[in-house]
Structure formats: structure tokens, C-alpha cells
file structure_7.cif (mmCIF, C-alpha atoms, pLDDT in the B column; chains and numbers go by the auth columns)
data_upload
#
loop_
_atom_site.group_PDB
_atom_site.id
_atom_site.type_symbol
_atom_site.label_atom_id
_atom_site.label_comp_id
_atom_site.label_asym_id
_atom_site.label_seq_id
_atom_site.Cartn_x
_atom_site.Cartn_y
_atom_site.Cartn_z
_atom_site.B_iso_or_equiv
_atom_site.auth_seq_id
_atom_site.auth_asym_id
ATOM 1 C CA MET A 1 1.744 -39.930 15.039 72.00 1 Y
ATOM 2 C CA SER A 2 0.946 -36.344 14.093 84.00 2 Y
ATOM 3 C CA LYS A 3 2.954 -33.454 15.418 93.00 3 Y
ATOM 4 C CA VAL A 4 1.356 -31.187 18.014 96.00 4 Y
ATOM 5 C CA PHE A 5 2.153 -27.556 17.269 98.00 5 Y
ATOM 6 C CA THR A 6 2.859 -25.016 20.011 98.00 6 Y
ATOM 7 C CA HIS A 7 1.076 -21.662 19.750 97.00 7 Y
ATOM 8 C CA MET A 8 2.362 -18.407 21.208 95.00 8 Y
ATOM 9 C CA LYS A 9 0.051 -15.703 22.566 86.00 9 Y
ATOM 10 C CA VAL A 10 0.313 -12.700 20.259 89.00 10 Y
ATOM 11 C CA ASP A 11 -2.587 -10.241 20.171 86.00 11 Y
ATOM 12 C CA LEU A 12 -3.508 -9.640 16.539 82.00 12 Y
ATOM 13 C CA SER A 13 -7.228 -10.050 17.041 66.00 13 Y
ATOM 14 C CA GLU A 14 -8.590 -6.951 15.333 69.00 14 Y
ATOM 15 C CA SER A 15 -10.846 -7.776 12.404 76.00 15 Y
ATOM 16 C CA MET A 16 -10.580 -6.196 8.948 87.00 16 Y
ATOM 17 C CA GLU A 17 -13.416 -5.876 6.479 91.00 17 Y
ATOM 18 C CA ALA A 18 -12.464 -6.269 2.834 90.00 18 Y
ATOM 19 C CA GLU A 19 -13.926 -4.619 -0.237 91.00 19 Y
ATOM 20 C CA THR A 20 -13.071 -5.511 -3.834 88.00 20 Y
ATOM 21 C CA SER A 21 -13.385 -3.131 -6.781 83.00 21 Y
ATOM 22 C CA ASP A 22 -11.824 -2.552 -10.215 76.00 22 Y
ATOM 23 C CA THR A 23 -8.688 -1.257 -8.487 77.00 23 Y
ATOM 24 C CA GLY A 24 -8.295 -4.406 -6.383 85.00 24 Y
ATOM 25 C CA ARG A 25 -8.987 -5.196 -2.765 92.00 25 Y
ATOM 26 C CA LYS A 26 -8.947 -2.736 0.106 95.00 26 Y
ATOM 27 C CA TYR A 27 -9.176 -3.359 3.844 95.00 27 Y
ATOM 28 C CA ARG A 28 -10.841 -1.182 6.425 94.00 28 Y
ATOM 29 C CA THR A 29 -8.289 -0.860 9.240 94.00 29 Y
ATOM 30 C CA PRO A 30 -7.928 1.271 12.388 92.00 30 Y
ATOM 31 C CA ILE A 31 -5.671 3.619 10.390 93.00 31 Y
ATOM 32 C CA GLY A 32 -7.972 3.947 7.385 93.00 32 Y
ATOM 33 C CA ASP A 33 -8.878 2.108 4.189 94.00 33 Y
ATOM 34 C CA LEU A 34 -5.695 0.546 2.816 96.00 34 Y
ATOM 35 C CA PRO A 35 -4.962 -1.391 -0.396 96.00 35 Y
ATOM 36 C CA SER A 36 -4.209 -5.051 0.095 97.00 36 Y
ATOM 37 C CA VAL A 37 -0.668 -6.338 -0.040 97.00 37 Y
ATOM 38 C CA THR A 38 -1.536 -8.834 -2.768 95.00 38 Y
ATOM 39 C CA THR A 39 -3.189 -6.162 -4.928 95.00 39 Y
ATOM 40 C CA VAL A 40 -0.148 -3.899 -4.800 96.00 40 Y
ATOM 41 C CA VAL A 41 2.603 -6.492 -5.295 96.00 41 Y
ATOM 42 C CA GLY A 42 0.669 -8.042 -8.185 94.00 42 Y
ATOM 43 C CA TRP A 43 -0.376 -4.752 -9.752 92.00 43 Y
ATOM 44 C CA GLU A 44 1.906 -4.819 -12.788 86.00 44 Y
ATOM 45 C CA LYS A 45 0.726 -8.317 -13.786 84.00 45 Y
ATOM 46 C CA ARG A 46 -2.970 -7.732 -13.107 81.00 46 Y
ATOM 47 C CA LYS A 47 -3.904 -7.392 -16.799 78.00 47 Y
ATOM 48 C CA PHE A 48 -2.113 -10.609 -17.701 75.00 48 Y
ATOM 49 C CA PHE A 49 -3.918 -12.589 -15.002 75.00 49 Y
ATOM 50 C CA ALA A 50 -7.269 -10.949 -15.761 75.00 50 Y
ATOM 51 C CA ALA A 51 -6.924 -11.986 -19.407 84.00 51 Y
ATOM 52 C CA TRP A 52 -5.926 -15.518 -18.396 77.00 52 Y
ATOM 53 C CA ARG A 53 -8.958 -15.848 -16.106 83.00 53 Y
ATOM 54 C CA LYS A 54 -11.250 -14.623 -18.892 87.00 54 Y
ATOM 55 C CA GLU A 55 -9.803 -17.104 -21.385 91.00 55 Y
ATOM 56 C CA ASN A 56 -9.738 -19.998 -18.883 92.00 56 Y
ATOM 57 C CA PRO A 57 -12.810 -19.592 -16.660 91.00 57 Y
ATOM 58 C CA PHE A 58 -13.122 -23.225 -15.621 92.00 58 Y
ATOM 59 C CA GLU A 59 -9.437 -23.682 -14.840 89.00 59 Y
ATOM 60 C CA SER A 60 -9.412 -20.361 -13.001 87.00 60 Y
ATOM 61 C CA LYS A 61 -12.311 -21.495 -10.825 92.00 61 Y
ATOM 62 C CA ARG A 62 -10.680 -24.890 -10.219 92.00 62 Y
ATOM 63 C CA VAL A 63 -7.354 -23.373 -9.191 91.00 63 Y
ATOM 64 C CA CYS A 64 -9.068 -20.915 -6.851 91.00 64 Y
ATOM 65 C CA GLN A 65 -11.089 -23.670 -5.180 93.00 65 Y
ATOM 66 C CA ARG A 66 -7.997 -25.870 -4.892 93.00 66 Y
ATOM 67 C CA GLY A 67 -6.092 -23.093 -3.176 92.00 67 Y
ATOM 68 C CA ASN A 68 -8.896 -22.294 -0.747 95.00 68 Y
ATOM 69 C CA VAL A 69 -9.379 -25.907 0.339 96.00 69 Y
ATOM 70 C CA LEU A 70 -5.647 -26.571 0.669 97.00 70 Y
ATOM 71 C CA HIS A 71 -5.112 -23.407 2.733 96.00 71 Y
ATOM 72 C CA GLU A 72 -7.986 -24.348 5.006 97.00 72 Y
ATOM 73 C CA LYS A 73 -6.588 -27.816 5.682 97.00 73 Y
ATOM 74 C CA ILE A 74 -3.073 -26.510 6.296 98.00 74 Y
ATOM 75 C CA GLU A 75 -4.433 -23.941 8.744 97.00 75 Y
ATOM 76 C CA HIS A 76 -6.491 -26.567 10.591 97.00 76 Y
ATOM 77 C CA TYR A 77 -3.493 -28.909 10.690 98.00 77 Y
ATOM 78 C CA LEU A 78 -1.281 -26.217 12.223 98.00 78 Y
ATOM 79 C CA ASP A 79 -4.091 -25.388 14.657 97.00 79 Y
ATOM 80 C CA ASN A 80 -4.041 -29.034 15.821 97.00 80 Y
ATOM 81 C CA GLU A 81 -7.634 -29.396 14.584 96.00 81 Y
ATOM 82 C CA TRP A 82 -7.238 -31.772 11.624 97.00 82 Y
ATOM 83 C CA THR A 83 -5.054 -34.529 10.207 96.00 83 Y
ATOM 84 C CA PRO A 84 -5.636 -36.761 7.181 95.00 84 Y
ATOM 85 C CA GLU A 85 -5.650 -39.770 9.511 93.00 85 Y
ATOM 86 C CA THR A 86 -8.252 -38.579 12.015 90.00 86 Y
ATOM 87 C CA GLY A 87 -10.121 -35.667 10.432 90.00 87 Y
ATOM 88 C CA GLU A 88 -12.796 -35.370 7.803 92.00 88 Y
ATOM 89 C CA LYS A 89 -11.972 -36.765 4.381 94.00 89 Y
ATOM 90 C CA VAL A 90 -10.819 -34.511 1.564 94.00 90 Y
ATOM 91 C CA ASP A 91 -10.660 -34.940 -2.200 94.00 91 Y
ATOM 92 C CA ASP A 92 -7.742 -36.877 -3.668 96.00 92 Y
ATOM 93 C CA LEU A 93 -5.941 -33.838 -5.081 95.00 93 Y
ATOM 94 C CA THR A 94 -6.061 -31.890 -1.812 96.00 94 Y
ATOM 95 C CA LEU A 95 -4.821 -34.954 0.057 96.00 95 Y
ATOM 96 C CA GLU A 96 -1.965 -35.441 -2.401 97.00 96 Y
ATOM 97 C CA LEU A 97 -0.889 -31.797 -2.216 97.00 97 Y
ATOM 98 C CA PHE A 98 -1.149 -31.762 1.564 97.00 98 Y
ATOM 99 C CA ASN A 99 0.902 -34.936 1.986 97.00 99 Y
ATOM 100 C CA GLN A 100 3.582 -33.503 -0.308 97.00 100 Y
ATOM 101 C CA ILE A 101 3.967 -30.358 1.785 98.00 101 Y
ATOM 102 C CA ARG A 102 3.473 -32.017 5.178 98.00 102 Y
ATOM 103 C CA PRO A 103 7.184 -32.697 5.880 97.00 103 Y
ATOM 104 C CA GLU A 104 7.828 -28.969 5.509 98.00 104 Y
ATOM 105 C CA LEU A 105 4.837 -28.084 7.695 98.00 105 Y
ATOM 106 C CA ASP A 106 6.294 -30.309 10.401 98.00 106 Y
ATOM 107 C CA LYS A 107 9.358 -28.035 10.507 98.00 107 Y
ATOM 108 C CA ILE A 108 7.074 -25.279 11.830 98.00 108 Y
ATOM 109 C CA ASP A 109 6.551 -24.605 15.544 97.00 109 Y
ATOM 110 C CA ASN A 110 5.976 -21.835 18.096 98.00 110 Y
ATOM 111 C CA ILE A 111 3.250 -20.346 15.935 98.00 111 Y
ATOM 112 C CA HIS A 112 2.643 -16.620 16.509 97.00 112 Y
ATOM 113 C CA ALA A 113 -0.151 -16.098 13.988 96.00 113 Y
ATOM 114 C CA LEU A 114 -2.351 -17.927 11.483 95.00 114 Y
ATOM 115 C CA GLU A 115 -4.467 -16.041 8.935 94.00 115 Y
ATOM 116 C CA ALA A 116 -3.948 -12.906 11.023 94.00 116 Y
ATOM 117 C CA PRO A 117 -4.822 -9.332 10.000 94.00 117 Y
ATOM 118 C CA LEU A 118 -1.879 -6.971 9.584 96.00 118 Y
ATOM 119 C CA TRP A 119 -1.516 -3.354 8.488 96.00 119 Y
ATOM 120 C CA SER A 120 1.342 -0.892 8.367 97.00 120 Y
ATOM 121 C CA GLU A 121 1.726 2.859 8.671 96.00 121 Y
ATOM 122 C CA THR A 122 5.092 2.565 6.920 97.00 122 Y
ATOM 123 C CA THR A 123 3.813 0.902 3.750 98.00 123 Y
ATOM 124 C CA MET A 124 0.124 1.867 4.147 97.00 124 Y
ATOM 125 C CA LEU A 125 -0.798 -1.676 3.105 98.00 125 Y
ATOM 126 C CA ALA A 126 -2.937 -4.317 4.783 97.00 126 Y
ATOM 127 C CA GLY A 127 -3.530 -8.035 4.439 96.00 127 Y
ATOM 128 C CA ARG A 128 -3.894 -11.393 6.104 95.00 128 Y
ATOM 129 C CA VAL A 129 -0.677 -13.306 6.651 96.00 129 Y
ATOM 130 C CA ASP A 130 -0.785 -17.097 6.246 97.00 130 Y
ATOM 131 C CA CYS A 131 1.523 -17.908 9.127 98.00 131 Y
ATOM 132 C CA ILE A 132 4.144 -16.375 11.405 98.00 132 Y
ATOM 133 C CA ALA A 133 6.126 -19.016 13.232 98.00 133 Y
ATOM 134 C CA GLU A 134 9.510 -20.616 13.644 98.00 134 Y
ATOM 135 C CA TYR A 135 10.617 -22.646 10.636 98.00 135 Y
ATOM 136 C CA ASP A 136 13.643 -24.788 11.387 97.00 136 Y
ATOM 137 C CA GLY A 137 14.054 -22.642 14.501 97.00 137 Y
ATOM 138 C CA LYS A 138 13.971 -19.251 12.719 98.00 138 Y
ATOM 139 C CA LEU A 139 11.059 -16.875 13.238 98.00 139 Y
ATOM 140 C CA SER A 140 9.675 -16.381 9.747 98.00 140 Y
ATOM 141 C CA ILE A 141 6.850 -15.105 7.628 98.00 141 Y
ATOM 142 C CA ILE A 142 5.523 -18.333 6.086 98.00 142 Y
ATOM 143 C CA ASP A 143 3.316 -18.444 3.015 98.00 143 Y
ATOM 144 C CA PHE A 144 1.624 -21.545 1.594 98.00 144 Y
ATOM 145 C CA LYS A 145 1.126 -21.906 -2.141 97.00 145 Y
ATOM 146 C CA GLY A 146 -0.531 -24.528 -4.288 96.00 146 Y
ATOM 147 C CA SER A 147 0.487 -24.635 -7.929 96.00 147 Y
ATOM 148 C CA THR A 148 -0.249 -26.555 -11.102 95.00 148 Y
ATOM 149 C CA SER A 149 3.477 -26.931 -11.762 96.00 149 Y
ATOM 150 C CA ALA A 150 6.807 -26.091 -10.162 96.00 150 Y
ATOM 151 C CA LYS A 151 8.009 -22.491 -10.411 97.00 151 Y
ATOM 152 C CA SER A 152 11.368 -20.770 -10.681 97.00 152 Y
ATOM 153 C CA ARG A 153 12.556 -18.347 -8.018 97.00 153 Y
ATOM 154 C CA ASN A 154 12.024 -15.440 -10.426 96.00 154 Y
ATOM 155 C CA GLN A 155 8.389 -16.441 -10.886 95.00 155 Y
ATOM 156 C CA CYS A 156 7.891 -16.117 -7.130 96.00 156 Y
ATOM 157 C CA PHE A 157 9.206 -12.562 -6.842 97.00 157 Y
ATOM 158 C CA SER A 158 5.830 -11.062 -5.896 96.00 158 Y
ATOM 159 C CA TYR A 159 5.539 -13.598 -3.068 97.00 159 Y
ATOM 160 C CA PHE A 160 8.820 -12.289 -1.637 98.00 160 Y
ATOM 161 C CA LEU A 161 7.481 -8.724 -1.716 98.00 161 Y
ATOM 162 C CA GLN A 162 4.295 -9.910 -0.045 98.00 162 Y
ATOM 163 C CA ALA A 163 6.241 -11.586 2.757 98.00 163 Y
ATOM 164 C CA THR A 164 8.379 -8.474 3.192 98.00 164 Y
ATOM 165 C CA ALA A 165 5.279 -6.309 3.626 98.00 165 Y
ATOM 166 C CA TYR A 166 3.991 -8.664 6.321 98.00 166 Y
ATOM 167 C CA ALA A 167 7.343 -8.635 8.127 98.00 167 Y
ATOM 168 C CA ILE A 168 7.264 -4.833 8.247 98.00 168 Y
ATOM 169 C CA ALA A 169 3.680 -4.795 9.487 97.00 169 Y
ATOM 170 C CA PHE A 170 4.267 -7.458 12.145 97.00 170 Y
ATOM 171 C CA GLU A 171 7.228 -5.583 13.594 97.00 171 Y
ATOM 172 C CA GLU A 172 5.133 -2.405 13.732 95.00 172 Y
ATOM 173 C CA ARG A 173 2.276 -4.181 15.471 94.00 173 Y
ATOM 174 C CA THR A 174 4.339 -6.192 17.963 95.00 174 Y
ATOM 175 C CA GLY A 175 7.856 -4.751 18.126 95.00 175 Y
ATOM 176 C CA THR A 176 9.257 -8.130 17.068 96.00 176 Y
ATOM 177 C CA PRO A 177 11.502 -8.067 13.984 97.00 177 Y
ATOM 178 C CA ILE A 178 11.367 -10.929 11.498 98.00 178 Y
ATOM 179 C CA ASP A 179 14.517 -11.541 9.488 98.00 179 Y
ATOM 180 C CA ASN A 180 13.383 -14.496 7.379 98.00 180 Y
ATOM 181 C CA PHE A 181 10.581 -15.570 5.096 98.00 181 Y
ATOM 182 C CA VAL A 182 9.675 -18.983 3.717 98.00 182 Y
ATOM 183 C CA ILE A 183 7.427 -19.743 0.743 98.00 183 Y
ATOM 184 C CA LEU A 184 6.250 -23.360 0.809 98.00 184 Y
ATOM 185 C CA MET A 185 4.857 -24.494 -2.531 98.00 185 Y
ATOM 186 C CA THR A 186 3.262 -27.831 -3.390 98.00 186 Y
ATOM 187 C CA SER A 187 2.409 -28.502 -7.028 97.00 187 Y
ATOM 188 C CA GLU A 188 0.253 -30.904 -8.981 97.00 188 Y
ATOM 189 C CA ASP A 189 3.299 -32.287 -10.785 96.00 189 Y
ATOM 190 C CA GLY A 190 4.446 -33.846 -7.502 96.00 190 Y
ATOM 191 C CA ILE A 191 7.084 -31.302 -6.505 97.00 191 Y
ATOM 192 C CA THR A 192 7.398 -29.402 -3.225 98.00 192 Y
ATOM 193 C CA GLN A 193 9.552 -26.279 -3.260 98.00 193 Y
ATOM 194 C CA VAL A 194 10.940 -24.126 -0.462 98.00 194 Y
ATOM 195 C CA PHE A 195 11.977 -20.545 -1.195 98.00 195 Y
ATOM 196 C CA GLU A 196 13.660 -18.635 1.633 98.00 196 Y
ATOM 197 C CA GLY A 197 14.858 -15.062 1.794 98.00 197 Y
ATOM 198 C CA LYS A 198 15.446 -11.963 3.903 98.00 198 Y
ATOM 199 C CA PRO A 199 12.818 -9.206 4.015 98.00 199 Y
ATOM 200 C CA LYS A 200 15.559 -6.566 4.167 98.00 200 Y
ATOM 201 C CA ASP A 201 16.670 -7.597 0.677 98.00 201 Y
ATOM 202 C CA TYR A 202 13.240 -6.861 -0.790 98.00 202 Y
ATOM 203 C CA ALA A 203 12.320 -3.616 0.991 98.00 203 Y
ATOM 204 C CA LYS A 204 13.386 -1.384 -1.932 98.00 204 Y
ATOM 205 C CA PRO A 205 11.556 -3.440 -4.597 97.00 205 Y
ATOM 206 C CA LEU A 206 8.477 -3.384 -2.351 98.00 206 Y
ATOM 207 C CA LEU A 207 8.694 0.417 -2.152 97.00 207 Y
ATOM 208 C CA SER A 208 8.939 0.591 -5.946 97.00 208 Y
ATOM 209 C CA ALA A 209 5.839 -1.589 -6.308 96.00 209 Y
ATOM 210 C CA ILE A 210 3.931 0.654 -3.902 97.00 210 Y
ATOM 211 C CA GLU A 211 4.987 3.787 -5.786 96.00 211 Y
ATOM 212 C CA LYS A 212 3.959 2.244 -9.117 95.00 212 Y
ATOM 213 C CA TYR A 213 0.542 1.344 -7.735 94.00 213 Y
ATOM 214 C CA HIS A 214 -0.112 4.874 -6.480 92.00 214 Y
ATOM 215 C CA GLN A 215 1.142 6.449 -9.696 92.00 215 Y
ATOM 216 C CA ASP A 216 -1.383 4.405 -11.653 90.00 216 Y
ATOM 217 C CA GLN A 217 -4.153 5.504 -9.285 84.00 217 Y
ATOM 218 C CA GLY A 218 -3.475 9.087 -10.355 67.00 218 Y
#
call {"tool": "encode", "arguments": {"input": "structure_7.cif", "output": "C-alpha cells"}}
result
Amino acid sequence: MSKVFTHMKVDLSESMEAETSDTGRKYRTPIGDLPSVTTVVGWEKRKFFAAWRKENPFESKRVCQRGNVLHEKIEHYLDNEWTPETGEKVDDLTLELFNQIRPELDKIDNIHALEAPLWSETTMLAGRVDCIAEYDGKLSIIDFKGSTSAKSRNQCFSYFLQATAYAIAFEERTGTPIDNFVILMTSEDGITQVFEGKPKDYAKPLLSAIEKYHQDQG
């Protein structure tokens, strides 16, 4: 029997329009046009990933599609709208990745936000957070990742900065502090990984990433 997830009423309903250019993605927010969280925290590695996408166009497209479909099914599962047993069928890879991560998803409850728009006057960044909810009873920023293979904690550093930016923005928007983040990763080599951390430990590296981004903008 599938878990039924409880949802909390948190007003984060404002929409954000996105625009992508050579300098990355920007969002139009009530406080102005702001660079996206993912653009800024991934800024230093942008050339590496751009070169990889150019050299591997088919794999790049496959990985992007895999991530989009997996995220959609996770979101619908947490919204109590879909399960593999009762919902529409999905491709074998998506089903495998979902079933791998499902035990960790079932540790989530009291969901405050799913794919919600956030922006911050402190960081002057904006983005859409995957999930804000309790994980094992702790209110957390939760991010879902699909991967071709398992990753080390060092390889996930930008994800920690991303989660930190969302924690700052959520507290600004709601007054509710978040002291924990969780990165849930399911990979094609059959491994599910859980990376936890404290946003306060990554605030200074996030600031450095923001400063580097703006320096490069001139």
C-alpha cells in the first residue's frame, strides 16, 4: 500500500518567468530580474559541461529527458497523484530509478512546497526548489537527482550550495528557518545515495560563488 503524504499550507504561489541566455538563466521576480541559483552555483564548471554537451549530444539529451521524467514522477508521487502500481506506465529506466529512491521518498512527510518559486533579497538569486518537507522528522530542503553513476560527496558540492540558497530564500519568504538539507540521488548503476548537511555550513562558499559570478559579469 502506497504512503499518503500530508501537505502543509504555505503560500508560495507567485509565478516566475524564466529567460535563458549566454550568461545562464534569469527569473523575473517581484524584486527584479535575478540569476538562477543553478546558474550561479554551477558557474565555474559551465565551460566543462558545455564542452561535454557539445561532444556528447545524444547522451546529453538522454540524460536531460531522464531527469525531467523522473522529477515529474517523483513530484506526482509526493502529490499523491501517481504510483507505479496504479498510475500510468513509465519506461523501464524511470521505473527502476524511481523504485530505487522510493524508500527514501517514503521518509518524507508534512510537505511545505513542491517545485515552488523562491527568491531572496539577501543572495539576489531565484529558483524553483524541488521539495521542502520533513525528512525523518527534520524540516529540510530536499533535492532529487538522477545520475548515470554514483557520486562522491565532493562531486555534489554545488548541490549543497543550491540547497543553502533555497533555505535562505524560504526563511525570507516565510520566516521559517531550515537547518537541514537532503540530496537524494538514484543512479543507473543501481545505487541510491543520501547526502545530508547544514545550510549554515555552506553560507560562506555560497557567497563566494555569488561574488565570482558577478565578477565575471563585469
call {"tool": "residues_around", "arguments": {"input": "structure_7.cif", "residues": "Gly24 (chain Y)", "least_positions_apart": "2", "cutoff": "9 Å", "atoms": "only C-alpha atoms", "output": "list in words"}}
result
Glu19, Thr20, Ser21, Asp22, Lys26, Pro35, Ser36, Thr38, Thr39, Val40 and Trp43 of chain Y
call {"tool": "residues_around", "arguments": {"input": "structure_7.cif", "residues": "Asp11 (chain Y)", "least_positions_apart": "5", "cutoff": "12 Å", "atoms": "all atoms listed in the file", "output": "ChimeraX atom specification"}}
result
/Y:112-114,116-118,170,173-175
call {"tool": "closest_residue", "arguments": {"input": "structure_7.cif", "among": "Y:Gln215, Y:Ser2, Y:Asn99, Y:Asn180", "to": "Phe160 (chain Y)", "atoms": "all atoms listed in the file"}}
result
Y:Asn180
call {"tool": "residues_around", "arguments": {"input": "structure_7.cif", "residues": "Trp119 (chain Y)", "least_positions_apart": "5", "cutoff": "12 Å", "atoms": "only C-alpha atoms", "output": "ChimeraX atom specification"}}
result
/Y:12,14-16,26-37,124-129,165-174
call {"tool": "axis_aligned_box", "arguments": {"input": "structure_7.cif", "around": "region 133-143 of chain Y", "padding_each_side": "8 Å", "output": "lines of an AutoDock Vina configuration file"}}
result
center_x = 8.7
center_y = -19.9
center_z = 8.8
size_x = 26.7
size_y = 25.7
size_z = 27.5
call {"tool": "atom_distance", "arguments": {"input": "structure_7.cif", "atom1": "CA of Thr123 (chain Y)", "atom2": "CA of Gly197 (chain Y)"}}
result
19.5 Å
call {"tool": "resolve_selection", "arguments": {"input": "structure_7.cif", "expression": "the PyMOL selection byres ((chain Y and resi 213) around 9)", "output": "list in words"}}
result
Thr39, Val40, Val41, Trp43, Glu44, Ser208, Ala209, Ile210, Glu211, Lys212, His214, Gln215, Asp216 and Gln217 of chain Y
call {"tool": "closest_residue", "arguments": {"input": "structure_7.cif", "among": "Y:Ala133, Y:Leu93, Y:Ala150, Y:Val10", "to": "Phe195 (chain Y)", "atoms": "all atoms listed in the file"}}
result
Y:Ala150
call {"tool": "decode", "arguments": {"input": "structure_7.cif", "residues": "region 92-109 of chain Y", "atoms": "N, CA and C atoms", "output": "PDB file, in the first residue's frame"}}
result
ATOM      1  N   ASP Y  92      11.098   1.596 -18.581  1.00  0.00           N
ATOM      2  CA  ASP Y  92      11.757   0.703 -17.622  1.00  0.00           C
ATOM      3  C   ASP Y  92      12.808   1.424 -16.786  1.00  0.00           C
ATOM      4  N   LEU Y  93      13.581   2.312 -17.410  1.00  0.00           N
ATOM      5  CA  LEU Y  93      14.634   3.002 -16.668  1.00  0.00           C
ATOM      6  C   LEU Y  93      14.044   3.919 -15.608  1.00  0.00           C
ATOM      7  N   THR Y  94      13.035   4.698 -15.970  1.00  0.00           N
ATOM      8  CA  THR Y  94      12.393   5.584 -14.993  1.00  0.00           C
ATOM      9  C   THR Y  94      11.825   4.777 -13.842  1.00  0.00           C
ATOM     10  N   LEU Y  95      11.184   3.658 -14.155  1.00  0.00           N
ATOM     11  CA  LEU Y  95      10.608   2.810 -13.111  1.00  0.00           C
ATOM     12  C   LEU Y  95      11.691   2.262 -12.187  1.00  0.00           C
ATOM     13  N   GLU Y  96      12.798   1.838 -12.770  1.00  0.00           N
ATOM     14  CA  GLU Y  96      13.904   1.310 -11.960  1.00  0.00           C
ATOM     15  C   GLU Y  96      14.467   2.381 -11.033  1.00  0.00           C
ATOM     16  N   LEU Y  97      14.713   3.570 -11.579  1.00  0.00           N
ATOM     17  CA  LEU Y  97      15.267   4.658 -10.773  1.00  0.00           C
ATOM     18  C   LEU Y  97      14.288   5.086  -9.686  1.00  0.00           C
ATOM     19  N   PHE Y  98      13.010   5.144 -10.037  1.00  0.00           N
ATOM     20  CA  PHE Y  98      12.012   5.534  -9.043  1.00  0.00           C
ATOM     21  C   PHE Y  98      11.945   4.507  -7.912  1.00  0.00           C
ATOM     22  N   ASN Y  99      11.897   3.236  -8.255  1.00  0.00           N
ATOM     23  CA  ASN Y  99      11.792   2.204  -7.221  1.00  0.00           C
ATOM     24  C   ASN Y  99      13.016   2.184  -6.315  1.00  0.00           C
ATOM     25  N   GLN Y 100      14.185   2.546  -6.871  1.00  0.00           N
ATOM     26  CA  GLN Y 100      15.390   2.616  -6.045  1.00  0.00           C
ATOM     27  C   GLN Y 100      15.281   3.721  -4.996  1.00  0.00           C
ATOM     28  N   ILE Y 101      14.736   4.857  -5.388  1.00  0.00           N
ATOM     29  CA  ILE Y 101      14.697   6.009  -4.487  1.00  0.00           C
ATOM     30  C   ILE Y 101      13.437   6.028  -3.617  1.00  0.00           C
ATOM     31  N   ARG Y 102      12.482   5.192  -3.935  1.00  0.00           N
ATOM     32  CA  ARG Y 102      11.187   5.218  -3.237  1.00  0.00           C
ATOM     33  C   ARG Y 102      11.290   5.057  -1.725  1.00  0.00           C
ATOM     34  N   PRO Y 103      12.126   4.149  -1.198  1.00  0.00           N
ATOM     35  CA  PRO Y 103      12.221   4.045   0.267  1.00  0.00           C
ATOM     36  C   PRO Y 103      12.634   5.348   0.929  1.00  0.00           C
ATOM     37  N   GLU Y 104      13.464   6.141   0.247  1.00  0.00           N
ATOM     38  CA  GLU Y 104      13.860   7.433   0.802  1.00  0.00           C
ATOM     39  C   GLU Y 104      12.726   8.456   0.669  1.00  0.00           C
ATOM     40  N   LEU Y 105      11.987   8.390  -0.421  1.00  0.00           N
ATOM     41  CA  LEU Y 105      10.833   9.282  -0.587  1.00  0.00           C
ATOM     42  C   LEU Y 105       9.806   9.041   0.513  1.00  0.00           C
ATOM     43  N   ASP Y 106       9.684   7.782   0.934  1.00  0.00           N
ATOM     44  CA  ASP Y 106       8.686   7.451   1.951  1.00  0.00           C
ATOM     45  C   ASP Y 106       9.085   7.942   3.343  1.00  0.00           C
ATOM     46  N   LYS Y 107      10.299   8.471   3.477  1.00  0.00           N
ATOM     47  CA  LYS Y 107      10.708   9.107   4.734  1.00  0.00           C
ATOM     48  C   LYS Y 107      10.289  10.576   4.787  1.00  0.00           C
ATOM     49  N   ILE Y 108       9.693  11.058   3.695  1.00  0.00           N
ATOM     50  CA  ILE Y 108       9.251  12.444   3.592  1.00  0.00           C
ATOM     51  C   ILE Y 108       7.804  12.570   4.062  1.00  0.00           C
ATOM     52  N   ASP Y 109       7.494  13.676   4.738  1.00  0.00           N
ATOM     53  CA  ASP Y 109       6.096  13.968   5.093  1.00  0.00           C
ATOM     54  C   ASP Y 109       5.988  15.445   5.463  1.00  0.00           C
TER      55      ASP Y 109
END
